>>> print(open('run.txt').read())   # compact mmCIF, C-alpha atoms
# COMPACT_ATOMS: atom_id res chain seq x y z
CA MET A 7 75.60 251.63 287.72
CA PRO A 8 79.36 251.27 287.29
CA SER A 9 81.09 253.59 284.88
CA THR A 10 82.30 252.23 281.54
CA GLN A 11 85.87 253.38 282.15
CA MET A 12 88.73 251.11 283.07
CA THR A 13 92.13 252.14 284.30
CA ARG A 14 95.58 250.65 283.93
CA SER A 15 98.24 251.08 286.56
CA PRO A 16 100.62 254.02 286.04
CA ARG A 17 103.71 252.82 284.20
CA SER A 18 106.88 252.37 286.18
CA GLY A 19 108.59 255.66 286.91
CA ALA A 20 105.42 257.75 286.57
CA LYS A 21 105.02 260.59 289.09
CA VAL A 22 102.43 259.72 291.75
CA MET A 23 99.76 262.43 292.07
CA PRO A 24 96.93 262.71 294.67
CA ALA A 25 94.49 261.21 292.16
CA HIS A 26 96.82 258.24 291.78
CA ALA A 27 96.91 257.83 295.55
CA ARG A 28 93.12 257.66 295.65
CA LEU A 29 93.08 255.15 292.80
CA HIS A 30 95.70 253.11 294.67
CA ASN A 31 93.66 253.15 297.89
CA ARG A 32 90.46 252.22 296.06
CA ALA A 33 92.24 249.35 294.30
CA LEU A 34 93.67 248.19 297.62
CA VAL A 35 90.18 248.06 299.15
CA LEU A 36 88.70 246.20 296.19
CA ARG A 37 91.66 243.81 296.01
CA THR A 38 91.26 242.99 299.70
CA LEU A 39 87.53 242.33 299.31
CA PHE A 40 88.07 240.25 296.17
CA ARG A 41 90.66 238.04 297.88
CA ASP A 42 89.21 237.89 301.42
CA GLY A 43 85.45 238.23 300.95
CA ALA A 44 83.00 240.28 303.02
CA LEU A 45 84.55 242.43 305.78
CA SER A 46 83.46 245.20 308.07
CA ARG A 47 84.81 248.70 307.49
CA ALA A 48 86.88 248.37 310.66
CA ASP A 49 88.41 245.08 309.47
CA LEU A 50 89.13 246.66 306.08
CA ALA A 51 90.93 249.52 307.77
CA ARG A 52 93.09 247.08 309.75
CA ARG A 53 93.94 244.88 306.77
CA THR A 54 94.70 247.73 304.38
CA GLU A 55 96.30 250.00 307.03
CA LEU A 56 94.15 252.87 305.75
CA THR A 57 92.32 255.18 308.14
CA ARG A 58 88.69 254.50 309.00
CA VAL A 59 87.76 257.86 307.50
CA THR A 60 89.41 256.91 304.21
CA ILE A 61 87.73 253.50 304.23
CA SER A 62 84.32 255.02 304.94
CA ASP A 63 84.75 257.52 302.12
CA LEU A 64 85.89 254.90 299.59
CA ILE A 65 83.20 252.39 300.52
CA GLY A 66 80.55 255.10 300.19
CA GLU A 67 81.81 255.92 296.70
CA LEU A 68 81.90 252.24 295.66
CA ILE A 69 78.39 251.65 296.97
CA ASP A 70 77.14 254.66 295.01
CA ARG A 71 78.80 253.24 291.88
CA GLY A 72 77.11 249.86 292.40
CA ILE A 73 80.36 247.93 292.78
CA VAL A 74 80.15 247.25 296.52
CA VAL A 75 77.07 246.28 298.58
CA GLU A 76 76.34 245.90 302.28
CA HIS A 77 75.56 242.40 303.60
CA GLY A 78 74.18 243.08 307.06
CA ALA A 79 75.83 242.92 310.47
CA GLN A 80 78.77 240.61 311.12
CA ARG A 81 78.55 238.01 313.85
CA ALA A 82 79.31 239.59 317.20
CA ALA A 83 82.66 238.53 318.65
CA GLY A 84 82.56 240.60 321.81
CA PRO A 85 80.96 243.63 323.41
CA GLY A 86 79.93 246.58 321.28
CA LYS A 87 77.84 247.03 318.20
CA PRO A 88 78.79 244.62 315.38
CA GLY A 89 80.01 246.15 312.14
CA ILE A 90 78.18 246.03 308.83
CA LEU A 91 79.78 243.67 306.32
CA VAL A 92 80.58 244.98 302.85
CA ASP A 93 81.67 243.08 299.77
CA ILE A 94 81.98 243.40 296.02
CA ASP A 95 78.59 242.82 294.40
CA ARG A 96 79.62 239.43 293.03
CA PRO A 97 76.18 238.20 291.91
CA GLY A 98 75.47 241.57 290.30
CA HIS A 99 78.39 241.60 287.84
CA GLN A 100 79.70 239.38 285.07
CA VAL A 101 82.64 239.70 282.69
CA VAL A 102 83.03 238.82 279.01
CA GLY A 103 86.36 237.34 277.91
CA LEU A 104 87.42 236.68 274.29
CA ASP A 105 90.30 234.54 273.01
CA LEU A 106 91.34 235.39 269.45
CA SER A 107 94.38 233.09 269.39
CA GLY A 108 92.72 229.88 268.21
CA ALA A 109 93.59 228.25 264.91
CA ASP A 110 89.99 227.78 263.73
CA ARG A 111 87.63 229.80 265.93
CA PHE A 112 87.42 232.88 268.13
CA VAL A 113 86.12 231.71 271.52
CA GLY A 114 84.45 233.70 274.28
CA ILE A 115 82.99 233.15 277.73
CA VAL A 116 81.00 234.97 280.38
CA LEU A 117 82.18 234.47 283.96
CA ASN A 118 80.83 235.80 287.23
CA LEU A 119 83.19 237.27 289.80
CA ASP A 120 83.55 233.91 291.53
CA GLY A 121 84.93 232.43 288.30
CA ASP A 122 81.83 230.40 287.42
CA GLU A 123 80.95 230.10 283.75
CA VAL A 124 77.64 231.66 282.73
CA ALA A 125 77.82 231.37 278.94
CA ARG A 126 80.13 230.29 276.12
CA ASP A 127 80.10 231.00 272.40
CA SER A 128 82.41 231.04 269.38
CA VAL A 129 82.60 232.23 265.78
CA PRO A 130 84.68 230.94 262.86
CA ARG A 131 88.11 232.51 262.56
CA PRO A 132 88.49 234.35 259.25
CA ALA A 133 91.28 233.25 256.95
CA ASP A 134 94.78 234.62 257.49
CA GLY A 135 95.13 238.23 256.42
CA GLU A 136 91.40 239.05 256.34
CA GLY A 137 91.81 241.92 258.76
CA GLU A 138 88.43 243.64 258.57
CA ALA A 139 86.60 240.32 258.63
CA ALA A 140 88.51 239.44 261.82
CA VAL A 141 87.43 242.72 263.42
CA GLU A 142 83.79 242.11 262.49
CA ALA A 143 83.94 238.55 263.83
CA THR A 144 85.36 239.87 267.11
CA ILE A 145 82.56 242.45 267.41
CA GLU A 146 79.89 239.86 266.61
CA LEU A 147 81.18 237.50 269.30
CA ALA A 148 81.44 240.33 271.85
CA ARG A 149 77.85 241.38 271.17
CA ARG A 150 76.49 237.85 271.45
CA LEU A 151 78.22 237.23 274.76
CA THR A 152 77.16 240.59 276.16
CA GLN A 153 73.57 239.64 275.37
CA ALA A 154 74.08 236.23 276.99
CA ALA A 155 75.12 237.79 280.33
CA THR A 156 72.41 237.61 282.98
CA THR A 157 73.49 240.63 285.07
CA THR A 158 75.45 243.86 284.62
CA VAL A 159 78.53 243.38 282.43
CA LEU A 160 81.59 244.79 284.18
CA GLY A 161 83.50 244.89 280.91
CA ILE A 162 84.88 243.01 277.92
CA GLY A 163 88.43 241.66 277.87
CA ILE A 164 90.12 240.46 274.69
CA GLY A 165 93.32 238.44 274.39
CA ALA A 166 94.75 238.61 270.87
CA PRO A 167 97.98 237.50 269.19
CA GLY A 168 100.35 240.28 268.24
CA VAL A 169 101.97 243.42 269.61
CA ILE A 170 99.40 245.57 271.41
CA ASP A 171 99.93 248.92 273.12
CA ASP A 172 98.54 250.21 276.42
CA ASP A 173 95.50 251.70 274.66
CA GLY A 174 94.41 248.38 273.16
CA ARG A 175 95.65 249.26 269.69
CA VAL A 176 96.99 246.25 267.77
CA LEU A 177 100.27 247.51 266.33
CA THR A 178 100.81 244.30 264.39
CA SER A 179 99.19 240.87 264.23
CA PRO A 180 100.27 239.31 260.94
CA ASN A 181 98.08 236.20 261.06
CA LEU A 182 94.96 238.30 261.61
CA GLY A 183 96.00 240.88 259.03
CA TRP A 184 96.04 243.72 261.53
CA THR A 185 98.39 246.69 261.52
CA GLY A 186 97.48 249.71 263.61
CA VAL A 187 93.95 248.44 264.37
CA ASP A 188 92.28 250.26 267.27
CA LEU A 189 90.45 247.13 268.36
CA GLN A 190 89.68 248.35 271.88
CA HIS A 191 87.90 251.47 270.60
CA ARG A 192 86.00 249.63 267.89
CA VAL A 193 84.63 246.96 270.24
CA HIS A 194 83.73 249.61 272.82
CA GLU A 195 81.92 251.69 270.20
CA ALA A 196 80.04 248.65 268.88
CA THR A 197 78.95 247.26 272.25
CA GLY A 198 78.90 250.25 274.60
CA GLN A 199 80.91 248.19 277.08
CA ALA A 200 84.18 249.06 278.77
CA THR A 201 86.80 247.11 276.83
CA LEU A 202 90.43 246.09 277.32
CA VAL A 203 92.63 244.42 274.70
CA ALA A 204 96.02 242.83 275.39
CA ASN A 205 98.42 240.29 273.98
CA ASP A 206 97.16 236.73 274.51
CA ALA A 207 100.21 235.60 276.51
CA ASN A 208 99.96 238.63 278.80
CA ALA A 209 96.29 237.84 279.33
CA ALA A 210 97.17 234.23 280.14
CA ALA A 211 99.67 235.36 282.78
CA LEU A 212 96.96 237.45 284.46
CA ALA A 213 94.70 234.39 284.54
CA GLU A 214 97.29 232.63 286.66
CA ARG A 215 97.63 235.58 289.00
CA VAL A 216 94.05 236.86 289.37
CA LEU A 217 92.02 233.67 288.92
CA GLY A 218 94.62 231.10 289.97
CA ASP A 219 97.42 230.50 292.43
CA GLY A 220 100.19 232.32 290.58
CA GLY A 221 102.52 234.57 292.53
CA PRO A 222 103.17 238.23 291.77
CA ASP A 223 106.40 237.41 289.90
CA LEU A 224 106.11 234.70 287.28
CA LEU A 225 107.09 233.80 283.75
CA LEU A 226 104.41 232.24 281.58
CA VAL A 227 105.07 230.48 278.29
CA ARG A 228 102.23 229.47 276.01
CA THR A 229 102.37 227.21 273.01
CA GLY A 230 99.65 226.82 270.41
CA ARG A 231 99.52 227.78 266.78
CA GLY A 232 102.50 229.99 267.61
CA PHE A 233 104.55 230.57 270.74
CA GLY A 234 104.57 233.42 273.22
CA ALA A 235 105.73 234.35 276.70
CA ALA A 236 104.75 236.90 279.32
CA LEU A 237 106.33 238.18 282.51
CA LEU A 238 104.55 239.45 285.60
CA SER A 239 106.48 241.67 287.99
CA ASP A 240 104.74 242.55 291.25
CA GLY A 241 101.49 241.39 289.67
CA GLU A 242 101.76 243.66 286.62
CA PRO A 243 102.53 242.53 283.05
CA VAL A 244 105.89 243.76 281.75
CA ALA A 245 105.09 245.37 278.40
CA GLY A 246 108.48 246.65 277.27
CA SER A 247 109.30 250.00 275.67
CA ARG A 248 107.75 248.89 272.35
CA PHE A 249 105.03 246.67 273.89
CA ALA A 250 106.81 243.57 272.58
CA ALA A 251 108.12 241.99 275.80
CA GLY A 252 107.70 238.24 275.65
CA GLU A 253 107.82 238.05 271.84
CA ILE A 254 110.53 235.38 271.87
CA GLY A 255 108.99 232.95 269.42
CA HIS A 256 111.35 234.04 266.65
CA VAL A 257 114.51 234.04 268.73
CA THR A 258 116.91 231.54 267.18
CA VAL A 259 117.83 228.85 269.71
CA GLY A 260 121.36 227.62 269.19
CA THR A 261 123.72 227.79 266.24
CA ASP A 262 123.04 224.32 264.86
CA GLY A 263 120.15 225.21 262.59
CA GLY A 264 116.86 223.48 263.21
CA PRO A 265 113.37 223.28 261.74
CA ALA A 266 112.37 225.87 259.15
CA CYS A 267 110.19 228.64 260.59
CA ALA A 268 107.33 230.51 258.89
CA CYS A 269 109.33 233.73 259.34
CA GLY A 270 112.02 232.43 256.96
CA LYS A 271 114.70 231.57 259.51
CA ASP A 272 115.77 228.14 260.74
CA GLY A 273 115.74 227.11 264.38
CA CYS A 274 113.36 229.71 265.84
CA LEU A 275 111.91 228.79 269.22
CA GLU A 276 108.43 228.69 267.67
CA ALA A 277 109.62 226.17 265.08
CA TRP A 278 110.82 223.92 267.90
CA VAL A 279 108.10 224.39 270.53
CA SER A 280 104.75 225.49 269.08
CA THR A 281 102.00 222.90 269.29
CA GLN A 282 101.57 223.15 265.54
CA ALA A 283 105.26 222.46 264.89
CA VAL A 284 105.43 219.53 267.31
CA THR A 285 102.21 218.02 265.95
CA ASP A 286 103.40 218.39 262.35
CA ARG A 287 106.72 216.68 263.07
CA ILE A 288 105.02 213.75 264.80
CA ALA A 289 102.47 213.46 261.96
CA ALA A 290 105.38 213.34 259.51
CA GLY A 291 106.65 210.19 261.21
CA GLU A 292 109.22 211.51 263.71
CA ASP A 293 109.36 209.81 267.10
CA ARG A 294 107.15 211.64 269.62
CA GLY A 295 109.62 211.19 272.48
CA VAL A 296 112.46 212.70 270.46
CA VAL A 297 110.36 215.62 269.20
CA VAL A 298 109.04 216.51 272.68
CA ARG A 299 112.50 216.14 274.26
CA GLU A 300 114.03 218.47 271.69
CA ALA A 301 111.23 220.98 272.16
CA ALA A 302 111.68 220.95 275.94
CA GLU A 303 115.44 221.29 275.72
CA ARG A 304 115.23 224.23 273.32
CA LEU A 305 112.68 225.91 275.57
CA GLY A 306 114.92 225.42 278.60
CA ILE A 307 117.91 226.82 276.69
CA ALA A 308 115.90 229.94 275.79
CA LEU A 309 114.48 230.47 279.29
CA ALA A 310 117.61 229.85 281.37
CA PRO A 311 119.27 233.24 280.71
CA VAL A 312 115.97 235.05 281.29
CA ILE A 313 115.55 233.29 284.63
CA GLY A 314 119.17 233.95 285.57
CA MET A 315 118.88 237.63 284.68
CA LEU A 316 115.56 238.30 286.44
CA ASP A 317 115.77 235.81 289.34
CA ILE A 318 112.37 234.34 288.45
CA THR A 319 111.49 231.06 290.19
CA GLU A 320 107.91 230.44 289.01
CA ILE A 321 107.50 229.30 285.41
CA VAL A 322 104.00 228.39 284.24
CA VAL A 323 103.65 226.42 281.02
CA ALA A 324 100.39 226.55 279.08
CA ALA A 325 100.77 223.58 276.74
CA PRO A 326 98.28 220.82 275.91
CA ARG A 327 98.96 217.35 277.30
CA ASP A 328 98.50 216.02 273.78
CA PRO A 329 101.07 215.94 272.25
CA PHE A 330 103.43 217.24 274.96
CA GLY A 331 102.66 215.00 277.94
CA ASP A 332 104.07 215.50 281.44
CA ASP A 333 107.65 214.66 280.47
CA PHE A 334 107.82 217.98 278.62
CA LEU A 335 107.74 219.90 281.93
CA THR A 336 110.29 217.60 283.53
CA ARG A 337 112.75 217.94 280.66
CA THR A 338 112.28 221.72 280.51
CA PHE A 339 113.03 221.99 284.24
CA GLU A 340 116.11 219.78 283.96
CA THR A 341 117.50 221.90 281.12
CA ILE A 342 116.91 225.13 283.07
CA ARG A 343 118.49 223.63 286.17
CA ASP A 344 121.55 222.47 284.24
CA ARG A 345 122.01 225.92 282.69
CA THR A 346 121.53 228.13 285.77
CA LEU A 347 123.62 228.61 288.90
CA TRP A 348 123.03 226.35 291.87
CA PRO A 349 121.75 226.95 294.58
CA PHE A 350 119.59 229.65 292.98
CA SER A 351 118.14 227.12 290.54
CA ASP A 352 117.09 224.93 293.46
CA GLY A 353 113.89 226.91 294.04
CA ILE A 354 112.73 227.03 290.42
CA ARG A 355 109.32 225.51 289.74
CA VAL A 356 108.02 224.61 286.30
CA VAL A 357 104.29 223.88 286.49
CA ARG A 358 101.46 223.37 284.04
CA SER A 359 98.69 225.94 283.94
CA SER A 360 95.45 224.81 285.58
CA HIS A 361 93.30 226.77 283.09
CA GLY A 362 93.67 224.40 280.16
CA ASP A 363 92.42 225.60 276.79
CA ASP A 364 90.53 228.49 278.42
CA ILE A 365 93.61 230.24 279.76
CA VAL A 366 93.43 233.21 277.35
CA ALA A 367 89.67 233.67 277.78
CA HIS A 368 90.10 233.47 281.56
CA GLY A 369 92.97 235.92 281.26
CA ALA A 370 90.78 238.32 279.30
CA VAL A 371 88.28 238.20 282.18
CA ALA A 372 91.13 238.75 284.63
CA MET A 373 92.18 241.86 282.66
CA VAL A 374 88.77 243.41 283.28
CA ILE A 375 88.76 242.43 286.94
CA SER A 376 92.20 243.97 287.27
CA GLY A 377 91.23 247.09 285.32
CA ARG A 378 87.94 247.67 287.11
CA LEU A 379 88.74 246.38 290.60
CA GLY A 380 92.52 246.82 290.76
CA VAL A 381 93.07 243.15 291.57
CA SER A 382 96.64 242.13 290.78
>>> encode(input="run.txt", output="structure tokens")
Amino acid sequence: MPSTQMTRSPRSGAKVMPAHARLHNRALVLRTLFRDGALSRADLARRTELTRVTISDLIGELIDRGIVVEHGAQRAAGPGKPGILVDIDRPGHQVVGLDLSGADRFVGIVLNLDGDEVARDSVPRPADGEGEAAVEATIELARRLTQAATTTVLGIGIGAPGVIDDDGRVLTSPNLGWTGVDLQHRVHEATGQATLVANDANAAALAERVLGDGGPDLLLVRTGRGFGAALLSDGEPVAGSRFAAGEIGHVTVGTDGGPACACGKDGCLEAWVSTQAVTDRIAAGEDRGVVVREAAERLGIALAPVIGMLDITEIVVAAPRDPFGDDFLTRTFETIRDRTLWPFSDGIRVVRSSHGDDIVAHGAVAMVISGRLGVS
């Protein structure tokens, strides 16, 4: 049976030790199998550029841990004995993913390693500020989904709003009433399952990378009840020195004022771009086209210097079609293009996420796959 531990990549600048090298090699093998499917040990050695001895040793360990299985001999392509195919035990493992960012409910899913949905459930979201009730609701949902899984659970991933450190401790999440809540430990203790907790936008970015077509370097922006962003660099989320990278919702956009924000300022990005803000303005009688155009332009103004500084060309937008529509992406791209240097802006792509409303839950699953299998 697989162990209940999950690992995160060493942070940038960390000294690489022999144990890290083994972890890197193991992750490389699992990443190759996850992306390419069943391979012989010889093919794995060629694709990973590791020695056959190293491959044999790692595959033996992974088979003993129940993560990798043998699939019989590969089809012969020439003289000599055909190799035995090995692959991740996809049918034998499932992952639980929770999304705590919804306005009314906490939602969770169970996916297999091919991305197929096995189960889905939800619980009511406690009222703002009811911190302990929110923890209990999270644990209840995690337990129910773990019980709904039909094979071994590889782990539980949780995407939550707020600032969250590398150990899954929620430093602050005002809407959920959490300050210094060790959510990762509490869910693990309650369920017995390996658990990872991360910011919802960071989880969403991993969904694009691990379970979608996203490249290793991308900027994801997500609008819902609030607004958040996440950056992947070489496939890894950029956390920041205080774990608050991507928290740009309360950056003031422009000097001309703007809508009042819940934080007390006027003209915050969240007050312009969040789904809640856009929906409220339209419901109050403002023209939808004007509201969406202003939201897109303010988003483009905020993102242009980030893109110029980091040379990012892939921007993924997780925003519902209602009320934003497709013109939101077009206008955002045009604003970015107008505010960055040509020809570097020529290769910028602004695309809508393919994961729809499930992007955070899918991202929570991707966190576990990344933590357990090293897929990034």
>>> residues_around(input="run.txt", residues="range 316-320 of chain A", least_positions_apart="2", cutoff="6 Å", atoms="all atoms listed in the file", output="PDB file with C-alpha atoms, in the coordinates of the input")
ATOM      1  CA  LEU A 224     106.110 234.700 287.280  1.00  0.00           C
ATOM      2  CA  ILE A 313     115.550 233.290 284.630  1.00  0.00           C
ATOM      3  CA  GLY A 314     119.170 233.950 285.570  1.00  0.00           C
ATOM      4  CA  ILE A 354     112.730 227.030 290.420  1.00  0.00           C
ATOM      5  CA  ARG A 355     109.320 225.510 289.740  1.00  0.00           C
TER       6      ARG A 355
END
>>> residues_around(input="run.txt", residues="Gly161 in chain A", least_positions_apart="5", cutoff="6 Å", atoms="all atoms listed in the file", output="ChimeraX atom specification")
/A:101,199-201,374
>>> atom_distance(input="run.txt", atom1="CA of His77 in chain A", atom2="CA of Leu117 in chain A")
22.2 Å
>>> residues_around(input="run.txt", residues="Glu136 in chain A", least_positions_apart="6", cutoff="12 Å", atoms="only C-alpha atoms", output="JSON, numbers by chain")
{"A": [142, 143, 179, 180, 181, 182, 183, 184, 185]}
>>> residues_around(input="run.txt", residues="Leu217 in chain A", least_positions_apart="5", cutoff="10 Å", atoms="only C-alpha atoms", output="list in words")
Leu119, Asp120, Gly121, Ala211, Leu212, His361, Ile365, His368, Gly369, Val371, Ala372, Ile375, Val381 and Ser382 of chain A
>>> decode(input="run.txt", residues="range 146-167 of chain A", atoms="N, CA, C and O atoms", output="short mmCIF file (atom, residue, chain, number, x, y, z; two decimals), in the first residue's frame")
data_model
loop_
_atom_site.label_atom_id
_atom_site.label_comp_id
_atom_site.auth_asym_id
_atom_site.auth_seq_id
_atom_site.Cartn_x
_atom_site.Cartn_y
_atom_site.Cartn_z
N GLU A 146 -16.16 16.83 7.24
CA GLU A 146 -17.31 16.00 6.88
C GLU A 146 -17.29 15.66 5.39
O GLU A 146 -17.50 14.50 4.99
N LEU A 147 -17.05 16.67 4.55
CA LEU A 147 -17.03 16.44 3.12
C LEU A 147 -15.88 15.52 2.73
O LEU A 147 -16.05 14.61 1.90
N ALA A 148 -14.71 15.71 3.33
CA ALA A 148 -13.56 14.85 3.04
C ALA A 148 -13.86 13.41 3.41
O ALA A 148 -13.52 12.47 2.67
N ARG A 149 -14.47 13.18 4.54
CA ARG A 149 -14.82 11.82 4.96
C ARG A 149 -15.81 11.17 4.01
O ARG A 149 -15.66 10.01 3.62
N ARG A 150 -16.84 11.91 3.63
CA ARG A 150 -17.86 11.35 2.75
C ARG A 150 -17.28 10.97 1.40
O ARG A 150 -17.60 9.90 0.84
N LEU A 151 -16.41 11.80 0.87
CA LEU A 151 -15.82 11.49 -0.43
C LEU A 151 -14.82 10.35 -0.34
O LEU A 151 -14.71 9.53 -1.26
N THR A 152 -14.07 10.28 0.76
CA THR A 152 -13.16 9.16 0.95
C THR A 152 -13.94 7.85 0.96
O THR A 152 -13.51 6.84 0.36
N GLN A 153 -15.09 7.85 1.61
CA GLN A 153 -15.93 6.65 1.65
C GLN A 153 -16.55 6.33 0.30
O GLN A 153 -16.85 5.18 0.00
N ALA A 154 -16.73 7.36 -0.54
CA ALA A 154 -17.32 7.16 -1.86
C ALA A 154 -16.33 6.60 -2.87
O ALA A 154 -16.73 6.08 -3.92
N ALA A 155 -15.03 6.70 -2.58
CA ALA A 155 -14.01 6.17 -3.50
C ALA A 155 -14.15 4.66 -3.59
O ALA A 155 -14.52 3.99 -2.62
N THR A 156 -13.86 4.11 -4.76
CA THR A 156 -14.04 2.68 -4.99
C THR A 156 -12.72 1.91 -4.99
O THR A 156 -12.73 0.68 -5.13
N THR A 157 -11.59 2.61 -4.88
CA THR A 157 -10.28 1.96 -4.78
C THR A 157 -9.45 2.74 -3.77
O THR A 157 -9.96 3.63 -3.09
N THR A 158 -8.17 2.41 -3.68
CA THR A 158 -7.27 3.10 -2.75
C THR A 158 -7.24 4.60 -3.02
O THR A 158 -7.10 5.03 -4.17
N VAL A 159 -7.38 5.39 -1.98
CA VAL A 159 -7.30 6.85 -2.10
C VAL A 159 -5.84 7.27 -2.01
O VAL A 159 -5.16 7.00 -1.02
N LEU A 160 -5.36 7.90 -3.06
CA LEU A 160 -3.97 8.36 -3.10
C LEU A 160 -3.75 9.54 -2.17
O LEU A 160 -2.65 9.74 -1.65
N GLY A 161 -4.79 10.33 -1.93
CA GLY A 161 -4.68 11.46 -1.04
C GLY A 161 -5.85 12.40 -1.20
O GLY A 161 -6.72 12.22 -2.07
N ILE A 162 -5.89 13.41 -0.33
CA ILE A 162 -6.93 14.44 -0.37
C ILE A 162 -6.26 15.78 -0.65
O ILE A 162 -5.30 16.16 0.03
N GLY A 163 -6.75 16.48 -1.65
CA GLY A 163 -6.28 17.83 -1.94
C GLY A 163 -7.38 18.83 -1.64
O GLY A 163 -8.56 18.55 -1.89
N ILE A 164 -7.01 19.99 -1.11
CA ILE A 164 -7.99 21.01 -0.75
C ILE A 164 -7.52 22.36 -1.27
O ILE A 164 -6.40 22.80 -0.98
N GLY A 165 -8.37 23.01 -2.06
CA GLY A 165 -8.11 24.37 -2.51
C GLY A 165 -8.99 25.32 -1.72
O GLY A 165 -10.22 25.18 -1.72
N ALA A 166 -8.38 26.26 -1.01
CA ALA A 166 -9.12 27.15 -0.12
C ALA A 166 -8.73 28.60 -0.37
O ALA A 166 -7.57 28.88 -0.71
N PRO A 167 -9.65 29.53 -0.18
CA PRO A 167 -9.28 30.95 -0.29
C PRO A 167 -8.42 31.37 0.89
O PRO A 167 -8.58 30.86 2.00
#
